[in-house]
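Heads up, work15.cif below (mmCIF, C-alpha atoms):
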```cif
data_entry
#
loop_
_atom_site.label_atom_id
_atom_site.label_comp_id
_atom_site.auth_asym_id
_atom_site.auth_seq_id
_atom_site.Cartn_x
_atom_site.Cartn_y
_atom_site.Cartn_z
CA MET X 15 65.61 99.21 83.95
CA SER X 16 65.94 96.56 86.60
CA ALA X 17 67.40 98.31 89.59
CA GLY X 18 69.54 96.18 91.82
CA THR X 19 70.81 93.64 89.33
CA ALA X 20 74.47 92.93 89.87
CA ASP X 21 75.27 92.03 86.28
CA GLY X 22 73.86 95.10 84.58
CA THR X 23 75.96 95.06 81.45
CA ALA X 24 75.21 96.12 77.90
CA GLY X 25 72.30 94.62 76.05
CA GLY X 26 70.53 92.00 78.12
CA GLY X 27 68.11 94.42 79.78
CA GLY X 28 70.52 95.02 82.68
CA ALA X 29 70.82 98.11 84.80
CA GLN X 30 72.07 101.36 83.32
CA VAL X 31 75.38 102.94 84.18
CA GLY X 32 74.96 105.96 86.44
CA VAL X 33 76.56 109.31 85.66
CA VAL X 34 77.75 111.85 88.25
CA LEU X 35 78.75 115.38 87.23
CA VAL X 36 81.12 117.14 89.62
CA SER X 37 81.73 120.85 89.11
CA HIS X 38 83.02 123.64 91.33
CA SER X 39 79.67 125.29 90.79
CA GLY X 40 76.24 123.90 91.67
CA PRO X 41 74.47 125.66 88.78
CA VAL X 42 77.11 124.44 86.29
CA ALA X 43 76.72 120.82 87.38
CA GLU X 44 72.91 121.07 87.32
CA SER X 45 72.82 122.76 83.93
CA VAL X 46 75.20 120.30 82.31
CA ALA X 47 73.09 117.43 83.68
CA THR X 48 69.93 118.99 82.25
CA MET X 49 71.63 119.61 78.90
CA ALA X 50 73.01 116.07 78.67
CA ILE X 51 69.64 114.50 79.48
CA GLY X 52 67.95 116.79 76.98
CA LEU X 53 70.42 115.97 74.22
CA ALA X 54 70.00 112.28 75.01
CA GLY X 55 66.33 112.65 74.13
CA GLY X 56 65.11 112.99 77.70
CA ALA X 57 66.82 109.76 78.67
CA THR X 58 65.93 108.05 81.93
CA THR X 59 69.58 107.28 82.60
CA PRO X 60 70.34 108.00 86.25
CA VAL X 61 72.31 111.27 86.29
CA ALA X 62 73.15 113.31 89.37
CA ALA X 63 74.84 116.68 89.76
CA ALA X 64 77.30 117.27 92.60
CA GLY X 65 78.31 120.88 92.21
CA GLY X 66 79.83 123.33 94.67
CA THR X 67 79.81 123.07 98.44
CA PRO X 68 76.77 122.05 100.54
CA ASP X 69 76.16 125.70 101.47
CA GLY X 70 75.97 126.70 97.80
CA GLY X 71 79.50 128.09 97.50
CA LEU X 72 82.15 127.34 94.90
CA GLY X 73 84.28 124.27 95.60
CA THR X 74 84.08 120.52 95.89
CA SER X 75 82.13 118.50 98.41
CA ALA X 76 83.03 114.87 99.07
CA GLU X 77 79.68 114.54 100.81
CA LEU X 78 77.68 115.68 97.76
CA ILE X 79 79.75 113.44 95.47
CA THR X 80 79.24 110.27 97.52
CA LYS X 81 75.53 111.06 97.89
CA ALA X 82 75.17 111.59 94.13
CA ALA X 83 77.05 108.39 93.32
CA ARG X 84 74.82 106.34 95.63
CA THR X 85 71.74 107.93 94.10
CA VAL X 86 72.63 106.89 90.54
CA ASP X 87 74.13 103.50 91.34
CA ARG X 88 72.09 100.68 89.80
CA GLY X 89 74.82 98.09 90.17
CA ALA X 90 76.26 98.63 86.70
CA GLY X 91 78.93 101.13 87.69
CA VAL X 92 79.07 104.89 88.00
CA ALA X 93 80.91 107.19 85.57
CA ILE X 94 82.10 110.34 87.34
CA LEU X 95 82.95 113.40 85.25
CA VAL X 96 84.72 116.35 86.85
CA ASP X 97 85.82 119.86 85.96
CA LEU X 98 88.88 121.35 87.70
CA GLY X 99 91.48 121.01 90.45
CA SER X 100 89.83 119.96 93.69
CA ALA X 101 86.99 118.18 91.85
CA VAL X 102 89.57 115.91 90.20
CA LEU X 103 91.59 115.41 93.38
CA THR X 104 88.58 114.77 95.61
CA VAL X 105 87.16 112.07 93.33
CA LYS X 106 90.60 110.46 92.99
CA ALA X 107 91.01 110.49 96.77
CA LEU X 108 87.53 109.02 97.31
CA ILE X 109 88.23 106.24 94.82
CA ALA X 110 91.56 105.52 96.55
CA GLU X 111 89.67 105.33 99.86
CA GLY X 112 88.00 102.18 98.54
CA ASP X 113 84.70 102.06 100.37
CA GLU X 114 83.38 105.60 99.99
CA LEU X 115 81.89 105.25 96.50
CA PRO X 116 79.74 102.42 95.07
CA ALA X 117 81.66 99.48 93.58
CA GLY X 118 82.48 100.14 89.94
CA SER X 119 82.75 103.93 90.33
CA ARG X 120 85.22 105.38 87.86
CA LEU X 121 86.73 108.82 87.30
CA VAL X 122 86.33 109.52 83.60
CA ASP X 123 89.11 111.48 81.89
CA ALA X 124 86.97 113.64 79.62
CA PRO X 125 86.02 117.25 78.89
CA PHE X 126 83.22 118.11 81.28
CA VAL X 127 80.37 119.26 79.03
CA GLU X 128 81.09 117.24 75.91
CA GLY X 129 82.02 114.19 77.97
CA ALA X 130 78.80 114.44 79.97
CA VAL X 131 76.67 114.44 76.83
CA ALA X 132 78.56 111.48 75.36
CA ALA X 133 78.36 109.55 78.64
CA VAL X 134 74.63 110.08 79.13
CA VAL X 135 73.75 109.29 75.51
CA THR X 136 75.83 106.12 75.64
CA ALA X 137 74.50 105.04 79.04
CA ALA X 138 70.93 105.66 77.82
CA ALA X 139 71.58 103.19 75.00
CA GLY X 140 72.30 100.52 77.60
CA ALA X 141 76.08 100.41 77.17
CA ASP X 142 78.32 99.12 79.95
CA LEU X 143 80.73 101.23 82.02
CA ALA X 144 83.69 100.62 79.70
CA ALA X 145 81.71 101.82 76.69
CA VAL X 146 80.33 104.85 78.55
CA THR X 147 83.85 105.79 79.67
CA ALA X 148 85.27 105.32 76.19
CA ALA X 149 82.56 107.47 74.62
CA ALA X 150 83.19 110.29 77.08
CA GLU X 151 86.96 110.10 76.63
CA GLU X 152 86.58 110.22 72.84
CA ALA X 153 85.18 113.72 73.25
CA TYR X 154 88.79 114.90 73.72
CA GLY X 155 89.48 113.87 70.13
CA TYR X 156 86.91 116.16 68.56
CA ARG X 157 88.78 119.29 67.41
CA LYS X 158 86.91 122.56 67.00
CA GLU X 159 89.10 124.17 64.38
CA MET E 8 107.59 106.08 121.60
CA LEU E 9 104.58 108.03 120.40
CA ASP E 10 101.06 106.94 121.37
CA ALA E 11 97.59 107.88 120.13
CA ALA E 12 97.36 110.72 122.67
CA PHE E 13 100.53 112.26 121.17
CA PHE E 14 98.98 112.18 117.70
CA VAL E 15 95.78 113.79 118.98
CA ARG E 16 97.93 116.52 120.57
CA TRP E 17 99.71 116.99 117.24
CA MET E 18 96.44 117.39 115.32
CA THR E 19 95.10 119.73 118.01
CA ALA E 20 98.26 121.86 117.89
CA ALA E 21 98.05 121.89 114.08
CA ALA E 22 94.45 123.12 114.30
CA ALA E 23 95.52 125.87 116.70
CA VAL E 24 98.42 127.08 114.55
CA LEU E 25 96.31 126.95 111.37
CA ASP E 26 93.64 128.94 113.16
CA ARG E 27 96.23 131.58 114.18
CA GLU E 28 97.80 131.68 110.73
CA ALA E 29 94.61 131.47 108.65
CA ASP E 30 94.73 135.11 107.59
CA ARG E 31 98.39 134.86 106.52
CA LEU E 32 97.68 131.72 104.46
CA THR E 33 94.76 133.40 102.77
CA GLU E 34 96.92 136.47 102.06
CA LEU E 35 99.52 134.24 100.41
CA ASP E 36 96.72 132.59 98.41
CA SER E 37 95.19 135.88 97.21
CA PRO E 38 97.60 136.85 94.41
CA ILE E 39 98.05 133.31 93.02
CA GLY E 40 95.04 131.27 94.15
CA ASP E 41 91.42 131.75 95.10
CA ALA E 42 92.11 133.29 98.50
CA ASP E 43 90.57 130.49 100.52
CA HIS E 44 93.51 128.39 101.71
CA GLY E 45 93.57 129.77 105.26
CA ARG E 46 89.86 129.42 105.74
CA ASN E 47 89.85 125.94 104.19
CA MET E 48 92.65 124.64 106.42
CA GLN E 49 91.09 126.27 109.47
CA ARG E 50 87.73 124.64 108.77
CA GLY E 51 89.28 121.25 107.92
CA PHE E 52 91.40 120.97 111.04
CA ALA E 53 88.61 122.27 113.27
CA ALA E 54 86.53 119.35 111.92
CA VAL E 55 89.47 117.01 112.62
CA VAL E 56 89.65 118.10 116.27
CA THR E 57 85.88 117.77 116.70
CA ALA E 58 85.96 114.24 115.26
CA LEU E 59 88.94 113.17 117.39
CA GLU E 60 87.29 114.52 120.54
CA ALA E 61 83.96 112.84 119.76
CA GLU E 62 85.54 109.46 119.15
CA PRO E 63 89.18 109.26 120.31
CA PRO E 64 90.95 106.62 118.18
CA ALA E 65 92.99 103.99 120.00
CA THR E 66 96.13 103.96 117.86
CA PRO E 67 98.40 106.50 116.13
CA GLY E 68 97.42 105.07 112.74
CA ALA E 69 93.72 105.41 113.52
CA VAL E 70 94.20 109.06 114.57
CA LEU E 71 95.81 109.94 111.23
CA ILE E 72 93.26 107.96 109.19
CA ALA E 73 90.35 109.65 110.98
CA ALA E 74 92.00 113.06 110.51
CA GLY E 75 92.60 112.44 106.82
CA ARG E 76 89.04 111.36 106.28
CA GLN E 77 87.73 114.53 107.90
CA LEU E 78 89.96 116.70 105.72
CA ILE E 79 88.75 115.07 102.50
CA SER E 80 85.13 115.49 103.50
CA SER E 81 85.19 118.97 105.01
CA VAL E 82 87.70 121.20 103.22
CA GLY E 83 86.08 121.91 99.85
CA GLY E 84 89.31 122.86 98.04
CA ALA E 85 92.26 120.92 96.67
CA SER E 86 94.01 121.02 100.05
CA GLY E 87 91.34 118.65 101.43
CA PRO E 88 92.11 115.61 99.29
CA LEU E 89 95.84 116.40 99.31
CA TYR E 90 96.26 116.72 103.09
CA GLY E 91 93.65 113.99 103.58
CA THR E 92 95.69 111.64 101.44
CA LEU E 93 98.91 112.60 103.24
CA LEU E 94 97.53 111.77 106.68
CA ARG E 95 95.43 108.77 105.72
CA ARG E 96 98.25 107.10 103.81
CA ALA E 97 100.64 107.80 106.68
CA GLY E 98 98.09 106.36 109.11
CA LYS E 99 97.70 103.22 107.05
CA ALA E 100 101.47 102.79 106.97
CA LEU E 101 101.57 102.93 110.78
CA GLY E 102 99.17 100.00 110.96
CA GLU E 103 97.55 99.09 114.25
CA ALA E 104 100.52 99.52 116.57
CA PRO E 105 99.50 101.16 119.88
CA GLN E 106 102.76 103.14 119.88
CA VAL E 107 105.21 104.03 117.16
CA ALA E 108 108.82 105.21 117.10
CA ALA E 109 109.78 108.53 115.53
CA GLU E 110 111.44 106.63 112.69
CA GLU E 111 108.18 104.79 111.95
CA LEU E 112 106.35 108.12 111.83
CA ARG E 113 109.00 109.40 109.41
CA SER E 114 108.60 106.45 107.10
CA GLY E 115 104.79 106.59 107.37
CA LEU E 116 104.80 110.26 106.42
CA ALA E 117 107.22 109.50 103.58
CA ALA E 118 104.62 107.08 102.19
CA GLY E 119 102.00 109.83 102.61
CA VAL E 120 104.18 112.33 100.76
CA ASP E 121 104.64 109.87 97.88
CA ALA E 122 100.85 109.48 97.67
CA VAL E 123 100.40 113.26 97.58
CA GLY E 124 102.86 113.51 94.67
CA GLN E 125 100.98 110.79 92.85
CA LEU E 126 97.55 112.30 93.48
CA GLY E 127 98.59 115.78 92.36
CA GLY E 128 100.99 114.61 89.65
CA SER E 129 103.60 116.93 91.12
CA ALA E 130 107.23 116.85 92.19
CA PRO E 131 109.49 119.07 94.32
CA GLY E 132 110.27 122.28 92.43
CA ASP E 133 106.68 122.78 91.19
CA ALA E 134 105.96 125.27 94.01
CA THR E 135 103.55 123.03 95.91
CA MET E 136 103.24 121.59 99.41
CA LEU E 137 105.80 118.95 98.39
CA ASP E 138 108.52 121.61 98.55
CA ALA E 139 108.01 121.77 102.32
CA LEU E 140 106.93 118.16 102.94
CA VAL E 141 109.88 116.47 101.25
CA PRO E 142 112.66 118.32 103.14
CA GLY E 143 110.58 118.15 106.34
CA VAL E 144 110.22 114.38 106.18
CA THR E 145 113.88 113.95 105.25
CA GLU E 146 115.04 115.93 108.28
CA MET E 147 112.78 113.99 110.65
CA SER E 148 115.56 111.43 110.94
CA THR E 149 117.54 114.18 112.74
CA SER E 150 114.79 115.61 114.97
CA PHE E 151 111.28 117.03 114.81
CA ALA E 152 112.76 120.50 115.37
CA ALA E 153 115.11 120.03 112.42
CA ALA E 154 112.16 118.83 110.34
CA ALA E 155 110.18 121.96 111.18
CA GLU E 156 113.14 124.15 110.24
CA ALA E 157 113.72 122.31 106.95
CA ALA E 158 110.01 122.49 106.04
CA GLU E 159 109.94 126.23 106.78
CA GLN E 160 113.01 126.79 104.60
CA GLY E 161 111.39 124.63 101.92
CA ALA E 162 108.28 126.80 102.00
CA GLN E 163 110.39 129.96 101.67
CA ALA E 164 112.27 128.38 98.78
CA THR E 165 109.03 128.36 96.74
CA VAL E 166 109.20 132.17 96.38
CA PRO E 167 111.40 132.22 93.24
CA MET E 168 109.72 129.14 91.75
CA GLN E 169 107.19 129.19 88.94
CA ALA E 170 104.04 127.34 89.96
CA ARG E 171 103.34 124.32 87.79
CA LYS E 172 100.27 122.94 89.56
CA GLY E 173 96.89 124.20 90.62
CA ARG E 174 95.32 127.54 89.92
CA ALA E 175 98.64 129.38 90.36
CA SER E 176 100.00 127.56 87.31
CA TYR E 177 97.63 129.56 85.07
CA LEU E 178 99.63 132.64 85.99
CA GLY E 179 102.79 131.26 84.40
CA GLU E 180 105.79 133.49 85.15
CA ARG E 181 103.61 135.86 87.16
CA SER E 182 103.46 133.17 89.86
CA ILE E 183 107.17 133.79 90.51
CA GLY E 184 107.89 135.84 93.63
CA HIS E 185 105.08 134.38 95.74
CA GLN E 186 105.45 131.90 98.57
CA ASP E 187 103.25 128.87 97.98
CA PRO E 188 100.39 128.75 100.51
CA GLY E 189 100.30 124.94 100.51
CA ALA E 190 104.02 124.69 101.26
CA THR E 191 103.47 127.23 104.02
CA SER E 192 100.66 125.24 105.66
CA SER E 193 102.75 122.08 105.34
CA ALA E 194 105.55 123.81 107.25
CA LEU E 195 103.01 124.69 109.95
CA LEU E 196 102.13 120.99 110.35
CA PHE E 197 105.78 120.28 111.06
CA ALA E 198 105.95 123.27 113.43
CA ALA E 199 102.99 121.82 115.36
CA LEU E 200 104.75 118.43 115.50
CA ALA E 201 107.94 119.99 116.86
CA GLU E 202 105.88 121.94 119.40
CA VAL E 203 104.12 118.90 120.87
CA ALA E 204 107.31 116.83 120.86
CA GLN E 205 109.11 119.29 123.14
#
```

With the file now loaded, output its structure as structure tokens.
Amino acid sequence: MSAGTADGTAGGGGAQVGVVLVSHSGPVAESVATMAIGLAGGATTPVAAAGGTPDGGLGTSAELITKAARTVDRGAGVAILVDLGSAVLTVKALIAEGDELPAGSRLVDAPFVEGAVAAVVTAAAGADLAAVTAAAEEAYGYRKE
Amino acid sequence: MLDAAFFVRWMTAAAAVLDREADRLTELDSPIGDADHGRNMQRGFAAVVTALEAEPPATPGAVLIAAGRQLISSVGGASGPLYGTLLRRAGKALGEAPQVAAEELRSGLAAGVDAVGQLGGSAPGDATMLDALVPGVTEMSTSFAAAAEAAEQGAQATVPMQARKGRASYLGERSIGHQDPGATSSALLFAALAEVAQ
């Protein structure tokens, strides 16, 4: 992983896409991150959890989200997965703000847990942001009955 | 004409009224939401006032942009990004003019209201803040007092509506009969505007 490269796209040994997991609950975000990394074979993909409020309550924190996104940004884009209500709206508002999140940050329209696993596995394989996003979004298509 | 000081007074008055009404907003939010709307708005606008006092912006647009930014970063619930977007988008529409006319404020807020509808994917009739914001902004062309009255009536008109957005929407028909807390806090913003314009 060559941190700091601007052209970190698939293949070519570029930087990996970062993944941010935004839940209303700190433990949920942390656990889903751990599970996704585990299922990706202990991948070294940069993944950060941004769950709950800074004081440990339930809710969404713009501050934790921007911090997490900066932490995982390697210049190849950041895929942001969210759970409910204010998590969705806060990320959309931050993206609309323009300069709050790293360039190439994207809200991924995917189920939270399944999407997180797909995103981390795909990012670990060196895929670019479009491929990571597509993999996470495909998780909506997997029916359970 | 309205200058930056007027907009700071508006935000300060809004913080005061939201502080006074926090318990009522939370009561409205208890049966249909997660009982935090009053506290969230109180905390958000307190942060707005602190930020405006620490670094008083020079233009009306800058006041609203700074206020919106504070709301997004400090509220913690859906009202943060929604009100943040309302004020920030309105502030951007006002540009860098040192003073604005009431009509410019109306059209700036109208742009903010459009952005809120887009962000939340909602429309009037869904029992959301838009049910107070839309009539409020429309009546601003008459007077700020008329806007406050129209927004208050809009908030009351959410009582028989079925909520179609947010946590209240999970309740389906059981959301009917409750006044929407977001529409209620939106009406309070217009009340604060009418108060400082007197």

Please determine the contact residues of chain E with respect to chain X at a cut-off of 12 Å, counting all atoms listed in the file, and supply them as a count of residues only.
-> 43

Of X:Ala144, X:Ala137, X:Ala50, X:Leu35, the one sitting nearest Arg88 in chain X when using only C-alpha atoms is X:Ala137

Spatial neighbours of Leu9 in chain E, 6 Å, all atoms listed in the file, chain gap at least 2 places, as an MDAnalysis selection string | chainID E and resid 13 106:107

Answer key for the PyMOL selection byres ((chain X and resi 81-85) around 12), residues as a VMD selection string = (chain X and resid 17 31 to 36 43 to 44 59 to 65 68 75 to 80 86 to 95 105 108 to 109 113 to 121) or (chain E and resid 80)

Might you spell out which residues the PyMOL selection byres ((chain E and resi 143) around 9) would select in the displayed file, as a PyMOL selection string?
-> chain E and resi 138-142+144-147+151+153-159+161+193-194+197

With the file shown as input, list the residues that the PyMOL selection byres ((chain E and resi 189) around 8) selects, as an MDAnalysis selection string.
-> chainID E and resid 44 86 135:136 187:188 190:193

So how far away is CA of Glu110 in chain E from CA of Ala20 in chain E, in Å?
-> 20.8 Å

Excluding Trp17 in chain E and any residue of its chain fewer than 6 positions from it, enumerate the residues within 9 Å of it, using only C-alpha atoms, and give them as a PyMOL selection string.
-> chain E and resi 196+199-204

Atom pair CA of Gly55 in chain X + CA of Glu159 in chain X, distance 27.3 Å

Complete range 75-97 of chain E with N, CA, C and O atoms (output as a compact mmCIF listing (two decimals), in the coordinates of the input).
```txt
# COMPACT_ATOMS: atom_id res chain seq x y z
N GLY E 75 92.57 112.34 108.27
CA GLY E 75 92.60 112.44 106.82
C GLY E 75 91.21 112.38 106.22
O GLY E 75 90.87 113.14 105.30
N ARG E 76 90.41 111.52 106.76
CA ARG E 76 89.04 111.36 106.28
C ARG E 76 88.24 112.66 106.48
O ARG E 76 87.52 113.10 105.60
N GLN E 77 88.41 113.27 107.63
CA GLN E 77 87.73 114.53 107.90
C GLN E 77 88.16 115.62 106.93
O GLN E 77 87.34 116.42 106.47
N LEU E 78 89.46 115.66 106.62
CA LEU E 78 89.96 116.70 105.72
C LEU E 78 89.36 116.54 104.33
O LEU E 78 88.94 117.51 103.71
N ILE E 79 89.32 115.29 103.84
CA ILE E 79 88.75 115.07 102.50
C ILE E 79 87.30 115.51 102.47
O ILE E 79 86.83 116.12 101.53
N SER E 80 86.57 115.22 103.57
CA SER E 80 85.13 115.49 103.50
C SER E 80 84.76 116.91 103.90
O SER E 80 83.66 117.35 103.61
N SER E 81 85.66 117.66 104.51
CA SER E 81 85.19 118.97 105.01
C SER E 81 85.89 120.19 104.42
O SER E 81 85.46 121.31 104.68
N VAL E 82 86.94 120.02 103.64
CA VAL E 82 87.70 121.20 103.22
C VAL E 82 87.09 121.94 102.03
O VAL E 82 86.95 123.15 102.04
N GLY E 83 86.73 121.23 100.98
CA GLY E 83 86.08 121.91 99.85
C GLY E 83 87.01 122.41 98.77
O GLY E 83 86.58 122.76 97.69
N GLY E 84 88.32 122.47 99.06
CA GLY E 84 89.31 122.86 98.04
C GLY E 84 90.31 121.74 97.85
O GLY E 84 90.20 120.68 98.49
N ALA E 85 91.29 121.97 96.99
CA ALA E 85 92.26 120.92 96.67
C ALA E 85 93.07 120.49 97.90
O ALA E 85 93.56 119.37 97.97
N SER E 86 93.22 121.39 98.88
CA SER E 86 94.01 121.02 100.05
C SER E 86 93.35 119.89 100.83
O SER E 86 94.03 119.15 101.54
N GLY E 87 92.04 119.72 100.71
CA GLY E 87 91.34 118.65 101.43
C GLY E 87 91.81 117.27 101.00
O GLY E 87 92.35 116.51 101.81
N PRO E 88 91.63 116.92 99.72
CA PRO E 88 92.11 115.61 99.29
C PRO E 88 93.63 115.44 99.40
O PRO E 88 94.10 114.34 99.67
N LEU E 89 94.38 116.54 99.24
CA LEU E 89 95.84 116.40 99.31
C LEU E 89 96.30 116.14 100.74
O LEU E 89 97.01 115.16 101.00
N TYR E 90 95.88 116.97 101.69
CA TYR E 90 96.26 116.72 103.09
C TYR E 90 95.58 115.46 103.62
O TYR E 90 96.14 114.73 104.43
N GLY E 91 94.35 115.21 103.17
CA GLY E 91 93.65 113.99 103.58
C GLY E 91 94.42 112.75 103.17
O GLY E 91 94.58 111.81 103.94
N THR E 92 94.91 112.77 101.95
CA THR E 92 95.69 111.64 101.44
C THR E 92 97.01 111.50 102.21
O THR E 92 97.42 110.40 102.57
N LEU E 93 97.65 112.63 102.48
CA LEU E 93 98.91 112.60 103.24
C LEU E 93 98.72 111.89 104.58
O LEU E 93 99.46 110.95 104.92
N LEU E 94 97.71 112.31 105.33
CA LEU E 94 97.53 111.77 106.68
C LEU E 94 96.98 110.35 106.66
O LEU E 94 97.40 109.49 107.45
N ARG E 95 96.04 110.11 105.76
CA ARG E 95 95.43 108.77 105.72
C ARG E 95 96.46 107.72 105.30
O ARG E 95 96.54 106.64 105.88
N ARG E 96 97.24 108.06 104.27
CA ARG E 96 98.25 107.10 103.81
C ARG E 96 99.31 106.86 104.89
O ARG E 96 99.74 105.73 105.12
N ALA E 97 99.69 107.94 105.57
CA ALA E 97 100.64 107.80 106.68
C ALA E 97 100.04 106.92 107.77
O ALA E 97 100.70 106.03 108.32
```
